[in-house]
Structures are given as structure tokens and as C-alpha cells.
file run-v8.pdb (PDB, C-alpha atoms)
ATOM      1  CA  MET A   1       6.591  -6.459 -18.456
ATOM      2  CA  GLY A   2       8.451  -3.727 -20.291
ATOM      3  CA  PHE A   3       5.187  -2.664 -21.942
ATOM      4  CA  LEU A   4       3.476  -2.486 -18.540
ATOM      5  CA  LEU A   5       6.364  -0.566 -17.027
ATOM      6  CA  THR A   6       6.244   2.170 -19.670
ATOM      7  CA  PHE A   7       2.443   2.080 -19.512
ATOM      8  CA  VAL A   8       2.598   3.176 -15.869
ATOM      9  CA  THR A   9       5.828   5.127 -15.455
ATOM     10  CA  MET A  10       5.619   7.019 -18.734
ATOM     11  CA  GLY A  11       2.002   6.957 -19.908
ATOM     12  CA  MET A  12       0.234   7.412 -16.597
ATOM     13  CA  VAL A  13       2.830   9.773 -15.182
ATOM     14  CA  SER A  14       3.227  12.063 -18.177
ATOM     15  CA  ASN A  15      -0.424  12.147 -19.174
ATOM     16  CA  GLY A  16      -2.173  11.490 -15.865
ATOM     17  CA  LEU A  17      -1.202  14.700 -14.150
ATOM     18  CA  SER A  18      -2.221  16.770 -17.173
ATOM     19  CA  ILE A  19      -5.701  15.220 -17.100
ATOM     20  CA  PHE A  20      -6.161  15.832 -13.388
ATOM     21  CA  LEU A  21      -4.688  19.342 -13.314
ATOM     22  CA  PRO A  22      -7.753  21.414 -14.336
ATOM     23  CA  TYR A  23      -9.883  19.603 -11.762
ATOM     24  CA  MET A  24      -7.184  19.993  -9.095
ATOM     25  CA  LEU A  25      -7.055  23.749  -9.654
ATOM     26  CA  THR A  26     -10.761  23.969  -8.911
ATOM     27  CA  GLU A  27     -10.860  21.398  -6.104
ATOM     28  CA  TYR A  28      -7.930  22.848  -4.151
ATOM     29  CA  ASP A  29      -8.494  26.500  -5.176
ATOM     30  CA  LEU A  30      -5.041  26.774  -6.731
ATOM     31  CA  THR A  31      -3.626  29.409  -9.047
ATOM     32  CA  ASN A  32      -2.433  28.565 -12.554
ATOM     33  CA  SER A  33       1.143  29.166 -11.382
ATOM     34  CA  GLN A  34       0.740  26.616  -8.608
ATOM     35  CA  GLY A  35      -0.682  24.130 -11.091
ATOM     36  CA  SER A  36       2.241  24.698 -13.456
ATOM     37  CA  SER A  37       4.650  24.103 -10.587
ATOM     38  CA  PHE A  38       3.416  20.498 -10.354
ATOM     39  CA  LEU A  39       4.526  19.870 -13.938
ATOM     40  CA  THR A  40       7.848  21.592 -13.281
ATOM     41  CA  LEU A  41       8.484  19.485 -10.181
ATOM     42  CA  ARG A  42       7.558  16.297 -11.994
ATOM     43  CA  CYS A  43       9.914  17.034 -14.891
ATOM     44  CA  GLY A  44      12.706  18.242 -12.606
ATOM     45  CA  PHE A  45      12.632  15.161 -10.406
ATOM     46  CA  ALA A  46      12.419  12.879 -13.452
ATOM     47  CA  LEU A  47      15.567  14.460 -14.853
ATOM     48  CA  ALA A  48      17.361  14.284 -11.498
ATOM     49  CA  ALA A  49      16.456  10.592 -11.093
ATOM     50  CA  MET A  50      17.944   9.790 -14.504
ATOM     51  CA  PHE A  51      21.341  11.074 -13.355
ATOM     52  CA  PHE A  52      21.393   8.429 -10.606
ATOM     53  CA  ILE A  53      19.648   5.606 -12.428
ATOM     54  CA  GLY A  54      22.808   3.556 -12.926
ATOM     55  CA  HIS A  55      23.623   3.573  -9.218
ATOM     56  CA  TYR A  56      19.968   2.912  -8.362
ATOM     57  CA  TYR A  57      19.707  -0.281 -10.432
ATOM     58  CA  LYS A  58      23.159  -1.409  -9.402
ATOM     59  CA  PHE A  59      22.044  -1.161  -5.768
ATOM     60  CA  VAL A  60      18.512  -2.634  -5.922
ATOM     61  CA  GLY A  61      18.584  -4.694  -9.133
ATOM     62  CA  TYR A  62      16.225  -4.495 -12.084
ATOM     63  CA  ARG A  63      13.387  -6.606 -10.738
ATOM     64  CA  LEU A  64      13.011  -4.689  -7.471
ATOM     65  CA  GLY A  65      13.970  -1.407  -9.107
ATOM     66  CA  THR A  66      11.236  -1.557 -11.748
ATOM     67  CA  PHE A  67       8.732  -2.584  -9.083
ATOM     68  CA  ILE A  68       9.642   0.450  -6.970
ATOM     69  CA  ALA A  69       9.478   2.752 -10.002
ATOM     70  CA  ALA A  70       5.931   1.629 -10.841
ATOM     71  CA  ALA A  71       4.883   1.624  -7.172
ATOM     72  CA  LEU A  72       6.051   5.241  -6.837
ATOM     73  CA  CYS A  73       3.377   6.162  -9.378
ATOM     74  CA  GLY A  74       0.760   4.466  -7.209
ATOM     75  CA  ALA A  75       2.118   6.175  -4.099
ATOM     76  CA  ALA A  76       1.996   9.557  -5.839
ATOM     77  CA  PHE A  77      -1.668   9.214  -6.769
ATOM     78  CA  LEU A  78      -2.417   7.985  -3.247
ATOM     79  CA  LEU A  79      -0.718  11.086  -1.887
ATOM     80  CA  PHE A  80      -2.801  13.228  -4.241
ATOM     81  CA  LEU A  81      -5.861  11.519  -2.764
ATOM     82  CA  PHE A  82      -4.935  12.401   0.830
ATOM     83  CA  ALA A  83      -3.357  15.789   0.092
ATOM     84  CA  ASP A  84      -4.753  18.598   2.211
ATOM     85  CA  GLY A  85      -2.874  21.448   0.597
ATOM     86  CA  TYR A  86      -0.270  22.689  -1.822
ATOM     87  CA  PRO A  87       2.849  21.208  -0.121
ATOM     88  CA  MET A  88       1.507  17.643  -0.235
ATOM     89  CA  LEU A  89       0.461  18.102  -3.853
ATOM     90  CA  CYS A  90       4.023  19.205  -4.610
ATOM     91  CA  LEU A  91       5.395  16.111  -2.862
ATOM     92  CA  ALA A  92       3.075  13.881  -4.909
ATOM     93  CA  SER A  93       4.295  15.561  -8.110
ATOM     94  CA  MET A  94       7.889  14.866  -7.057
ATOM     95  CA  LEU A  95       7.054  11.175  -6.601
ATOM     96  CA  LEU A  96       5.565  11.101 -10.102
ATOM     97  CA  GLY A  97       8.836  12.524 -11.399
ATOM     98  CA  LEU A  98      10.869   9.864  -9.604
ATOM     99  CA  SER A  99       8.596   7.177 -11.041
ATOM    100  CA  TYR A 100       9.179   8.473 -14.559
ATOM    101  CA  GLY A 101      12.909   8.975 -14.121
ATOM    102  CA  LEU A 102      13.546   5.534 -12.633
ATOM    103  CA  GLY A 103      11.119   3.533 -14.738
ATOM    104  CA  SER A 104      11.110   4.931 -18.240
ATOM    105  CA  MET A 105      12.846   3.519 -21.322
ATOM    106  CA  ILE A 106      16.296   3.328 -19.711
ATOM    107  CA  PRO A 107      15.737   0.124 -17.690
ATOM    108  CA  VAL A 108      13.459  -1.282 -20.384
ATOM    109  CA  SER A 109      16.148  -0.885 -23.052
ATOM    110  CA  ILE A 110      18.809  -2.462 -20.848
ATOM    111  CA  ILE A 111      16.598  -5.441 -20.016
ATOM    112  CA  MET A 112      15.541  -5.931 -23.660
ATOM    113  CA  ASN A 113      19.197  -5.843 -24.724
ATOM    114  CA  ARG A 114      19.841  -8.722 -22.345
ATOM    115  CA  TRP A 115      16.832 -10.758 -23.470
ATOM    116  CA  PHE A 116      17.014 -10.199 -27.242
ATOM    117  CA  ILE A 117      19.816 -10.475 -29.766
ATOM    118  CA  LYS A 118      17.475 -11.099 -32.679
ATOM    119  CA  ARG A 119      14.484  -8.755 -33.133
ATOM    120  CA  ARG A 120      15.728  -6.451 -30.381
ATOM    121  CA  GLY A 121      14.282  -3.385 -32.100
ATOM    122  CA  LEU A 122      10.849  -4.990 -32.280
ATOM    123  CA  ALA A 123      10.964  -5.886 -28.582
ATOM    124  CA  ILE A 124      11.960  -2.357 -27.558
ATOM    125  CA  GLY A 125       9.294  -0.920 -29.862
ATOM    126  CA  ILE A 126       6.580  -3.050 -28.257
ATOM    127  CA  CYS A 127       7.726  -1.925 -24.808
ATOM    128  CA  SER A 128       7.759   1.739 -25.775
ATOM    129  CA  ALA A 129       4.218   1.421 -27.137
ATOM    130  CA  GLY A 130       3.030   1.031 -23.542
ATOM    131  CA  SER A 131       3.289   4.763 -22.934
ATOM    132  CA  SER A 132       1.342   5.581 -26.101
ATOM    133  CA  PHE A 133      -1.336   3.051 -25.250
ATOM    134  CA  ALA A 134      -1.828   4.658 -21.821
ATOM    135  CA  ILE A 135      -2.093   8.091 -23.416
ATOM    136  CA  ILE A 136      -4.816   6.763 -25.722
ATOM    137  CA  ILE A 137      -7.033   5.072 -23.123
ATOM    138  CA  PHE A 138      -6.581   6.955 -19.843
ATOM    139  CA  PRO A 139      -7.863  10.451 -20.709
ATOM    140  CA  SER A 140     -11.387   9.218 -21.369
ATOM    141  CA  ILE A 141     -11.336   6.844 -18.383
ATOM    142  CA  PHE A 142     -10.047   9.409 -15.880
ATOM    143  CA  THR A 143     -12.335  12.130 -17.214
ATOM    144  CA  ALA A 144     -15.379   9.857 -17.019
ATOM    145  CA  ILE A 145     -14.558   8.858 -13.439
ATOM    146  CA  ILE A 146     -14.068  12.475 -12.361
ATOM    147  CA  GLU A 147     -17.182  13.747 -14.131
ATOM    148  CA  ASN A 148     -19.421  10.935 -12.852
ATOM    149  CA  THR A 149     -18.004  10.533  -9.331
ATOM    150  CA  THR A 150     -15.270  12.622  -7.709
ATOM    151  CA  LEU A 151     -11.658  13.610  -8.227
ATOM    152  CA  ASP A 152     -10.725  11.479  -5.203
ATOM    153  CA  THR A 153     -12.263   8.396  -6.811
ATOM    154  CA  ALA A 154     -10.130   8.950  -9.907
ATOM    155  CA  PHE A 155      -7.001   9.329  -7.759
ATOM    156  CA  LEU A 156      -7.863   6.102  -5.945
ATOM    157  CA  PHE A 157      -8.438   4.262  -9.223
ATOM    158  CA  ALA A 158      -5.115   5.482 -10.651
ATOM    159  CA  SER A 159      -3.275   4.528  -7.470
ATOM    160  CA  CYS A 160      -4.763   1.034  -7.273
ATOM    161  CA  PHE A 161      -4.106   0.440 -10.964
ATOM    162  CA  ALA A 162      -0.445   1.444 -10.645
ATOM    163  CA  PHE A 163       0.038  -0.712  -7.527
ATOM    164  CA  VAL A 164      -1.508  -3.751  -9.257
ATOM    165  CA  ILE A 165       0.768  -3.275 -12.283
ATOM    166  CA  SER A 166       3.809  -2.887 -10.014
ATOM    167  CA  ILE A 167       2.996  -6.200  -8.300
ATOM    168  CA  ILE A 168       2.616  -7.917 -11.689
ATOM    169  CA  ILE A 169       5.978  -6.489 -12.762
ATOM    170  CA  PHE A 170       7.651  -7.763  -9.605
ATOM    171  CA  ALA A 171       6.083 -11.205 -10.035
ATOM    172  CA  PHE A 172       7.145 -11.703 -13.663
ATOM    173  CA  MET A 173      10.037  -9.359 -14.468
ATOM    174  CA  ARG A 174      13.439 -10.994 -14.784
ATOM    175  CA  ALA A 175      16.556  -8.948 -15.466
ATOM    176  CA  LYS A 176      18.196 -11.507 -17.727
ATOM    177  CA  PRO A 177      17.387 -14.856 -19.369
ATOM    178  CA  SER A 178      19.772 -16.781 -17.126
ATOM    179  CA  ASP A 179      17.458 -15.954 -14.192
ATOM    180  CA  CYS A 180      14.999 -18.377 -15.835
ATOM    181  CA  ASN A 181      17.617 -20.834 -17.131
ATOM    182  CA  LEU A 182      17.101 -19.460 -20.644
ATOM    183  CA  LYS A 183      19.305 -17.910 -23.322
ATOM    184  CA  PRO A 184      18.734 -14.587 -25.108
ATOM    185  CA  TYR A 185      16.442 -14.838 -28.105
ATOM    186  CA  GLY A 186      18.584 -15.242 -31.210
ATOM    187  CA  GLN A 187      21.781 -16.256 -29.413
ATOM    188  CA  GLU A 188      22.166 -19.495 -31.327
ATOM    189  CA  GLU A 189      21.855 -17.738 -34.693
ATOM    190  CA  ALA A 190      24.386 -15.119 -33.592
ATOM    191  CA  LEU A 191      26.861 -17.824 -32.546
ATOM    192  CA  ASP A 192      26.353 -19.691 -35.846
ATOM    193  CA  ALA A 193      27.008 -16.484 -37.776
ATOM    194  CA  GLN A 194      30.236 -15.932 -35.830
ATOM    195  CA  ARG A 195      31.448 -19.466 -36.586
ATOM    196  CA  GLN A 196      30.947 -18.910 -40.308
TER
END

call {"tool": "encode", "arguments": {"input": "run-v8.pdb", "output": "C-alpha cells"}}
result
Amino acid sequence: MGFLLTFVTMGMVSNGLSIFLPYMLTEYDLTNSQGSSFLTLRCGFALAAMFFIGHYYKFVGYRLGTFIAAALCGAAFLLFLFADGYPMLCLASMLLGLSYGLGSMIPVSIIMNRWFIKRRGLAIGICSAGSSFAIIIFPSIFTAIIENTTLDTAFLFASCFAFVISIIIFAFMRAKPSDCNLKPYGQEEALDAQRQ
């Protein structure tokens, strides 16, 4: 689930907008400055969200919080689909930023620290690979969809994909092993080492 979360909230968010941007400039008759403002808004809102991430997860919990973070990516691409001008495109970029800020490696690292005592680094590494994997596969997929159909079709595909992943995350993500009547991986070995 951590892999899927970074796949959407980091990989799709950070790389997706960059892929769509040249086509958006043409489709919506935007200037380069307006296009750059989308990236600025995304990064600014991602940074702002990180300042409040502790309060956010304390309020909603990790299962619902990660679901919302991934769903915000889907909502952003849906808003891009229905955008009729620059203000709505800016709002969609802000949602992408919130998705990144609330769903990046911060919650993943916290959850992995709860689930793993042994091989924690490996677990976090696998999760972080989700963003890289998205950056590898999505450029060719999004470009092919745009070139062979329309920009709107690519937005719809990205939105549906992110919503499906967010539902999977909500269905299977658990904040800590005790939620499943389990113990963290490697706990027994850690306790044995302490006794010695």
C-alpha cells in the first residue's frame, strides 16, 4: 500500500503535470508564465500541506488520511478535465500539491516504522520505489493517450486510475500491526536481543 501511495501521490503528481503541460498550453491557449504558475502552485501547496501533516493524520488517522491524499490526485485530474479556464486549472494544480504534501514519504515512513523493526530500510525503499516506477511508465502511457485520442481522455484516465488506487489503499491500508492482530515484523528478534 505504501508503494501504491507513493506511486500516485508522488509519481503521478510530480510527473503527471509536467507531461500534460505542453498540451495544456495549446489546448487552453495559455502563456508559458501561466503554465509555470501551475508548477509553482503545486509545489507551494505541497510544502504548505507538509507543515500541517501531523495535525492532519492525528485528526483523520492514517487509513482515511492516505485514502484522501490519493483521492485528491484523482479529484485534481477530474478538475483538469472539466476546467473551462485558467482559475480552475490553478485550483486543480493546488489539489495536486495537497495530494503530494499529504501523501508522500512522510506517512509511508511512519507506517513502515510501525510495521517493521527488522528490514525497515528495505520496506521503506520498496515504498519509495513507487514514485520512480510511476515516472518510468506514465510518460509513454499519457503521451500515447493524448496523441491518439484527446487531452480530456488522458485526464479521465489519470483521474480514474488515481481513484481506483485510493480505494485499494483504503481497503487494505492499516496504520499499525495491532489493527490486524499482528506484531511488527522482527519484534520477537528485537525482544530476544534485549533479553541477552

call {"tool": "atom_distance", "arguments": {"input": "run-v8.pdb", "atom1": "CA of Ile110 (chain A)", "atom2": "CA of Leu96 (chain A)"}}
result
21.8 Å

call {"tool": "resolve_selection", "arguments": {"input": "run-v8.pdb", "expression": "the PyMOL selection byres ((chain A and resi 134-143) around 7)", "output": "list of chain:residue names"}}
result
A:Phe7, A:Gly11, A:Met12, A:Asn15, A:Ile19, A:Gly130, A:Ser131, A:Ser132, A:Phe133, A:Ala144, A:Ile145, A:Ile146, A:Glu147, A:Ala154

call {"tool": "closest_residue", "arguments": {"input": "run-v8.pdb", "among": "A:Ile68, A:Leu47, A:Ser36, A:Pro107", "to": "Ile168 (chain A)", "atoms": "all atoms listed in the file"}}
result
A:Ile68

call {"tool": "closest_residue", "arguments": {"input": "run-v8.pdb", "among": "A:Ile167, A:Leu21, A:Cys180, A:Val8", "to": "Gly35 (chain A)", "atoms": "only C-alpha atoms"}}
result
A:Leu21

call {"tool": "resolve_selection", "arguments": {"input": "run-v8.pdb", "expression": "the PyMOL selection byres ((chain A and resi 106) around 12)", "output": "PyMOL selection string"}}
result
chain A and resi 2+5-6+9-10+49-54+56-57+62+65-66+69+100-105+107-113+124+127-128

call {"tool": "closest_residue", "arguments": {"input": "run-v8.pdb", "among": "A:Trp115, A:Phe38, A:Phe67, A:Phe45", "to": "Asp179 (chain A)", "atoms": "all atoms listed in the file"}}
result
A:Trp115

call {"tool": "atom_distance", "arguments": {"input": "run-v8.pdb", "atom1": "CA of Gly121 (chain A)", "atom2": "CA of Met173 (chain A)"}}
result
19.1 Å

call {"tool": "axis_aligned_box", "arguments": {"input": "run-v8.pdb", "around": "region 26-45 of chain A", "padding_each_side": "6 Å", "output": "lines of an AutoDock Vina configuration file"}}
result
center_x = 0.9
center_y = 22.3
center_z = -9.5
size_x = 35.6
size_y = 26.2
size_z = 22.7

call {"tool": "atom_distance", "arguments": {"input": "run-v8.pdb", "atom1": "CA of Ala92 (chain A)", "atom2": "CA of Pro22 (chain A)"}}
result
16.2 Å

call {"tool": "residues_around", "arguments": {"input": "run-v8.pdb", "residues": "Met24 (chain A)", "least_positions_apart": "4", "cutoff": "9 Å", "atoms": "only C-alpha atoms", "output": "PyMOL selection string"}}
result
chain A and resi 20+28-30+35+151

call {"tool": "residues_around", "arguments": {"input": "run-v8.pdb", "residues": "Met94 (chain A)", "least_positions_apart": "6", "cutoff": "10 Å", "atoms": "only C-alpha atoms", "output": "number ranges by chain"}}
result
A: 38-46, 72, 76, 88, 100

call {"tool": "resolve_selection", "arguments": {"input": "run-v8.pdb", "expression": "the PyMOL selection byres ((chain A and resi 160) around 12)", "output": "list in words"}}
result
Val8, Ala70, Ala71, Leu72, Cys73, Gly74, Ala75, Ala76, Phe77, Leu78, Leu81, Thr153, Ala154, Phe155, Leu156, Phe157, Ala158, Ser159, Phe161, Ala162, Phe163, Val164, Ile165, Ser166 and Ile167 of chain A

call {"tool": "closest_residue", "arguments": {"input": "run-v8.pdb", "among": "A:Arg63, A:His55, A:Arg114, A:Arg119", "to": "Leu182 (chain A)", "atoms": "all atoms listed in the file"}}
result
A:Arg114
